[in-house]
Each structure stands twice: as structure tokens, then as C-alpha cells.
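J.: My structure is in protein12.txt, and what it holds is compact mmCIF, C-alpha atoms:
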# COMPACT_ATOMS: atom_id res chain seq x y z
CA MET N 7 -15.79 14.73 -48.95
CA ILE N 8 -15.79 13.68 -45.31
CA THR N 9 -15.12 16.13 -42.51
CA VAL N 10 -14.29 14.96 -39.03
CA LYS N 11 -14.10 17.34 -36.12
CA PHE N 12 -12.95 16.50 -32.66
CA ASP N 13 -13.31 18.83 -29.71
CA PRO N 14 -11.13 17.61 -26.82
CA SER N 15 -12.31 20.32 -24.40
CA ARG N 16 -14.87 18.06 -22.67
CA ILE N 17 -12.31 15.30 -22.24
CA ASN N 18 -9.72 17.76 -20.97
CA THR N 19 -12.23 19.16 -18.48
CA ARG N 20 -13.03 15.67 -17.17
CA LEU N 21 -9.34 14.76 -16.95
CA GLN N 22 -8.66 17.94 -15.00
CA GLY N 23 -11.46 16.91 -12.64
CA VAL N 24 -9.86 13.48 -12.18
CA ASP N 25 -6.47 15.10 -11.58
CA ARG N 26 -7.97 17.43 -8.99
CA ALA N 27 -9.83 14.55 -7.28
CA VAL N 28 -6.66 12.46 -7.04
CA LYS N 29 -4.64 15.35 -5.61
CA GLU N 30 -7.38 16.06 -3.04
CA THR N 31 -7.68 12.39 -2.05
CA VAL N 32 -4.13 11.03 -2.14
CA ARG N 33 -3.38 11.94 1.48
CA GLU N 34 -6.68 10.48 2.68
CA ALA N 35 -5.96 7.24 0.79
CA ALA N 36 -2.45 6.97 2.22
CA GLN N 37 -3.71 7.63 5.74
CA ALA N 38 -6.37 4.92 5.37
CA GLY N 39 -3.65 2.42 4.46
CA ALA N 40 -1.30 3.67 7.18
CA GLN N 41 -4.06 3.26 9.75
CA LEU N 42 -4.27 -0.45 8.98
CA TYR N 43 -0.53 -0.83 9.53
CA TYR N 44 -0.79 1.20 12.75
CA ASP N 45 -3.66 -0.93 14.09
CA GLU N 46 -1.79 -4.13 13.21
CA MET N 47 1.34 -2.91 15.03
CA HIS N 48 -0.73 -2.09 18.10
CA ALA N 49 -2.22 -5.57 18.07
CA ARG N 50 1.17 -7.30 17.72
CA VAL N 51 3.51 -5.24 19.91
CA PRO N 52 4.61 -7.25 22.96
CA VAL N 53 3.76 -5.75 26.34
CA SER N 54 5.94 -6.66 29.31
CA THR N 55 4.33 -7.94 32.47
CA GLU N 56 6.35 -5.74 34.81
CA ALA N 57 8.36 -2.54 34.87
CA HIS N 58 11.94 -2.78 33.68
CA ILE N 59 15.12 -0.75 33.66
CA PHE N 60 16.93 0.18 30.47
CA THR N 61 20.57 1.23 30.75
CA SER N 62 21.90 3.40 27.95
CA ARG N 63 25.27 2.70 26.34
CA ARG N 64 28.49 3.29 28.19
CA ARG N 65 29.83 6.79 27.95
CA LYS N 66 33.05 7.62 26.13
CA ASP N 67 34.85 7.91 29.46
CA GLY N 68 33.94 4.26 30.23
CA SER N 69 31.37 4.99 32.93
CA VAL N 70 28.03 3.18 33.02
CA GLY N 71 25.24 4.76 31.01
CA GLN N 72 22.09 6.38 32.38
CA LYS N 73 19.36 4.10 33.80
CA TYR N 74 15.72 4.61 32.82
CA LEU N 75 12.60 2.99 34.23
CA TYR N 76 9.93 1.84 31.77
CA TYR N 77 6.48 0.43 32.48
CA PRO N 78 4.36 -2.21 30.75
CA GLY N 79 2.80 -0.74 27.61
CA ASP N 80 5.35 2.07 27.14
CA LEU N 81 6.45 0.65 23.78
CA LYS N 82 2.84 0.31 22.66
CA ARG N 83 2.13 3.92 23.64
CA ALA N 84 5.26 5.05 21.78
CA ILE N 85 4.00 3.75 18.41
CA TYR N 86 3.00 6.56 16.07
CA GLN N 87 2.02 7.38 12.53
CA LYS N 88 2.97 10.75 11.07
CA TYR N 89 2.47 12.41 7.72
CA ALA N 90 5.90 12.89 6.12
CA ASP N 91 5.55 16.33 4.58
CA ASP N 92 9.17 16.32 3.41
CA HIS N 93 8.67 13.16 1.30
CA SER N 94 5.14 13.87 0.05
CA THR N 95 4.00 15.69 -3.08
CA ALA N 96 0.66 16.64 -4.60
CA THR N 97 0.29 13.13 -6.02
CA ARG N 98 2.21 11.13 -3.40
CA ALA N 99 1.50 10.97 0.33
CA VAL N 100 3.94 9.28 2.70
CA TYR N 101 3.27 8.28 6.31
CA ARG N 102 5.92 7.15 8.77
CA LEU N 103 5.09 4.43 11.27
CA SER N 104 7.49 3.57 14.04
CA TRP N 105 7.97 4.07 17.76
CA ARG N 106 9.15 7.27 19.45
CA LYS N 107 12.74 6.93 20.52
CA GLY N 108 13.32 10.24 22.29
CA ARG N 109 12.79 11.13 25.91
CA ALA N 110 9.22 12.47 25.91
CA GLY N 111 7.09 9.33 25.74
CA GLY N 112 9.72 7.47 23.75
CA VAL N 113 11.44 4.16 24.27
CA PRO N 114 15.01 3.63 23.08
CA TYR N 115 14.75 -0.16 23.23
CA GLY N 116 12.15 -0.80 20.51
CA TYR N 117 14.74 -2.09 18.06
CA MET N 118 15.96 -4.55 20.72
CA VAL N 119 12.48 -5.99 21.02
CA GLU N 120 12.13 -6.17 17.22
CA TYR N 121 15.56 -7.68 16.46
CA GLY N 122 16.65 -9.19 19.79
CA THR N 123 19.96 -8.88 21.60
CA SER N 124 22.67 -11.26 22.74
CA ARG N 125 20.60 -11.77 25.92
CA MET N 126 17.08 -11.70 24.48
CA ALA N 127 15.41 -13.43 21.56
CA PRO N 128 13.71 -11.16 19.03
CA ARG N 129 10.00 -10.52 19.40
CA PRO N 130 9.28 -8.90 16.04
CA PHE N 131 6.11 -6.89 15.66
CA LEU N 132 6.98 -4.20 13.09
CA ARG N 133 7.90 -6.46 10.17
CA PRO N 134 5.12 -9.03 10.75
CA SER N 135 2.60 -6.17 11.01
CA TYR N 136 3.71 -4.87 7.64
CA ALA N 137 3.49 -8.32 6.07
CA ALA N 138 0.06 -9.02 7.56
CA ALA N 139 -1.55 -5.69 6.66
CA HIS N 140 0.18 -4.89 3.36
CA GLN N 141 -2.35 -6.28 0.87
CA GLN N 142 -5.34 -4.89 2.72
CA ALA N 143 -3.66 -1.48 3.20
CA VAL N 144 -2.86 -1.22 -0.52
CA GLN N 145 -6.42 -2.24 -1.38
CA VAL N 146 -7.96 0.32 0.99
CA ALA N 147 -5.77 3.09 -0.44
CA ARG N 148 -6.58 2.01 -3.99
CA ASP N 149 -10.33 1.85 -3.25
CA THR N 150 -10.26 5.33 -1.71
CA LEU N 151 -8.61 6.75 -4.84
CA LEU N 152 -10.91 4.84 -7.21
CA LEU N 153 -13.97 6.18 -5.42
CA ALA N 154 -12.67 9.74 -5.82
CA VAL N 155 -11.94 9.16 -9.52
CA SER N 156 -15.37 7.64 -10.19
CA LYS N 157 -17.06 10.58 -8.43
CA ALA N 158 -15.03 12.98 -10.58
CA LEU N 159 -16.07 11.14 -13.73
CA ALA N 160 -19.75 10.95 -12.78
Rewrite the structure of this file - the entire thing - as C-alpha cells.
T.:
Amino acid sequence: MITVKFDPSRINTRLQGVDRAVKETVREAAQAGAQLYYDEMHARVPVSTEAHIFTSRRRKDGSVGQKYLYYPGDLKRAIYQKYADDHSTATRAVYRLSWRKGRAGGVPYGYMVEYGTSRMAPRPFLRPSYAAAHQQAVQVARDTLLLAVSKALA
């Protein structure tokens, strides 16, 4: 007669450690990848040589929109990365990268620079930044998680 016993408690304990390590590291890994995108956007965003005026859309009554003065580098300073708490979970971390569009430090014309207008050719920086940094950002995030998993298994 042959008797085989298997005690999965050690494996379960190690798997729980891996699960805990991933949950503790997922935000750090996502931020490491997001930082690469952020840095690439900062390197690629065009900076005007002089101050310029942006006029908002016409109002419903037909009058001319509000005029705003912007300075060189305002778009660059408006770029941000932010943890998206509403789209993240214990095993998924989401970061938003874009430019501020509101009044406080924001620029409403970022999409015009990215996509162009009838009077201005596009000067894309957001999409090329994503394409240029994507593989490296994924690898950095993956490496961060793998390091946490290997520490948990050690």
C-alpha cells in the first residue's frame, strides 16, 4: 500500500505573501511607468517663443469670447500625472496624464497644439510621447512587480 499526503498550507502561505506583495506594489509599479510617460511628454511638448492670446469660443449671444494671455512654457507647466482613485483597485492602479484645462494653471488650447486647427498645423506631443515611452514604461512596471514577487517568494 502506498500513502501520499500533501499539505498545501506552505504553498498557500507563500501565495498569500505574493498576493500581498502585488497589492502593496501595484501602485508603485504603475507610477514608475507613468513617470516615464510624464518625462517624455515634458521633453516633447512644444514651447512658444513669445506670449500669446487665446480667445475662448463665442458666447451664445454671438459676442466675442473672453481673451486670455498665456506665456511660453504654460502648456509644459500644465502637464500633470494623477492617481485615478476612481478607476483603481487593489490589483490595478491607474494614472491619468494630460494637461490642466481649467483656470488655475491650466491651458484650454492644449488639444489645438496636439491636433492642430484650421489656422495651425498640429504639433503632437501627447501621442508620440505615449508611443516612444510605452515599451519602456510597461517593462519598468513589470520589473517593479517582479521584484516584489521574487522578494515575497524568497
J.: Determine the nearest neighbour of Val113 of chain N from the options N:Arg63, N:Arg83, N:Arg26, N:His48, counting only C-alpha atoms.
T.: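 The closest residue to Val113 of chain N is N:Arg83.
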J.: Could you name the residues that touch Ala38 of chain N at 8 Å or less, counting all atoms listed in the file, but leaving out those on the same chain fewer than 6 positions away, as JSON, numbers by chain?
T.: {"N": [143, 146, 147]}
J.: Just to confirm, what's the straight-line distance from atom CA of Val24 of chain N to atom CA of Ser94 of chain N in Å (one decimal)?
T.: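 Taking atom CA of Val24 of chain N and atom CA of Ser94 of chain N, their separation equals 19.4 Å.
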J.: One decimal, Å: what's the distance from atom CA of Ile59 of chain N over to atom CA of Met47 of chain N, could you say?
T.: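 One can read the atom CA of Ile59 of chain N to atom CA of Met47 of chain N distance as 23.3 Å.
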J.: Just how far from atom CA of Tyr121 of chain N is atom CA of Arg64 of chain N, in Å to one decimal?
T.: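 Interatomic distance here is 20.6 Å.
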J.: I need the residue nearest Ser104 of chain N from this list: N:Val70, N:Ala127, N:Val32, N:Val51. Use only C-alpha atoms for the distance.
T.: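 Checking each of N:Val70, N:Ala127, N:Val32, N:Val51 against Ser104 of chain N, counting only C-alpha atoms, the winner is N:Val51.
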J.: Nearest to Leu132 of chain N: which of N:Leu152, N:Tyr44, N:Leu159, N:Asp80 is it, counting all atoms listed in the file?
T.: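 The shortest atom-to-atom distance to Leu132 of chain N comes from N:Tyr44.
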J.: My list of candidates is N:Ile8, N:Ala139, N:Ala160, N:Val119. Which is closest to Gly23 of chain N when distances are computed with all atoms listed in the file?
T.: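 Smallest separation from Gly23 of chain N among the options: N:Ala160.
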J.: When distances are computed from only C-alpha atoms, which of N:Gly71, N:Pro14, N:Pro52, N:Gly39 shows the smallest separation from Thr150 of chain N?
T.: N:Gly39
J.: Here is a test: counting only C-alpha atoms, which residue of N:Gln141, N:Thr123, N:Thr97, N:Gln41 is nearest to Ile85 of chain N?
T.: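 Residue with the minimum atom-to-atom distance to Ile85 of chain N: N:Gln41.
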J.: For Arg102 of chain N, list every protein, DNA or RNA residue within 12 Å, evaluated using only C-alpha atoms, and leave out those in the same chain fewer than 3 positions away; present the list as a PyMOL selection string.
T.: chain N and resi 36-37+39-41+43-44+85-94+99+105-106
J.: Kindly save the residues from that selection, with C-alpha atoms included, as an mmCIF file, in the coordinates of the input.
T.:
data_model
loop_
_atom_site.group_PDB
_atom_site.id
_atom_site.type_symbol
_atom_site.label_atom_id
_atom_site.label_comp_id
_atom_site.auth_asym_id
_atom_site.auth_seq_id
_atom_site.Cartn_x
_atom_site.Cartn_y
_atom_site.Cartn_z
ATOM 1 C CA ALA N 36 -2.450 6.970 2.220
ATOM 2 C CA GLN N 37 -3.710 7.630 5.740
ATOM 3 C CA GLY N 39 -3.650 2.420 4.460
ATOM 4 C CA ALA N 40 -1.300 3.670 7.180
ATOM 5 C CA GLN N 41 -4.060 3.260 9.750
ATOM 6 C CA TYR N 43 -0.530 -0.830 9.530
ATOM 7 C CA TYR N 44 -0.790 1.200 12.750
ATOM 8 C CA ILE N 85 4.000 3.750 18.410
ATOM 9 C CA TYR N 86 3.000 6.560 16.070
ATOM 10 C CA GLN N 87 2.020 7.380 12.530
ATOM 11 C CA LYS N 88 2.970 10.750 11.070
ATOM 12 C CA TYR N 89 2.470 12.410 7.720
ATOM 13 C CA ALA N 90 5.900 12.890 6.120
ATOM 14 C CA ASP N 91 5.550 16.330 4.580
ATOM 15 C CA ASP N 92 9.170 16.320 3.410
ATOM 16 C CA HIS N 93 8.670 13.160 1.300
ATOM 17 C CA SER N 94 5.140 13.870 0.050
ATOM 18 C CA ALA N 99 1.500 10.970 0.330
ATOM 19 C CA TRP N 105 7.970 4.070 17.760
ATOM 20 C CA ARG N 106 9.150 7.270 19.450
#
J.: Around all the atoms of segment 121-131 of chain N listed in the file, draw an axis-aligned box and extend it by 5 Å on each of the six sides; I want its centre and edge lengths in Å to one decimal, as lines of an AutoDock Vina configuration file.
T.:
center_x = 14.4
center_y = -10.2
center_z = 20.8
size_x = 26.6
size_y = 16.5
size_z = 20.3
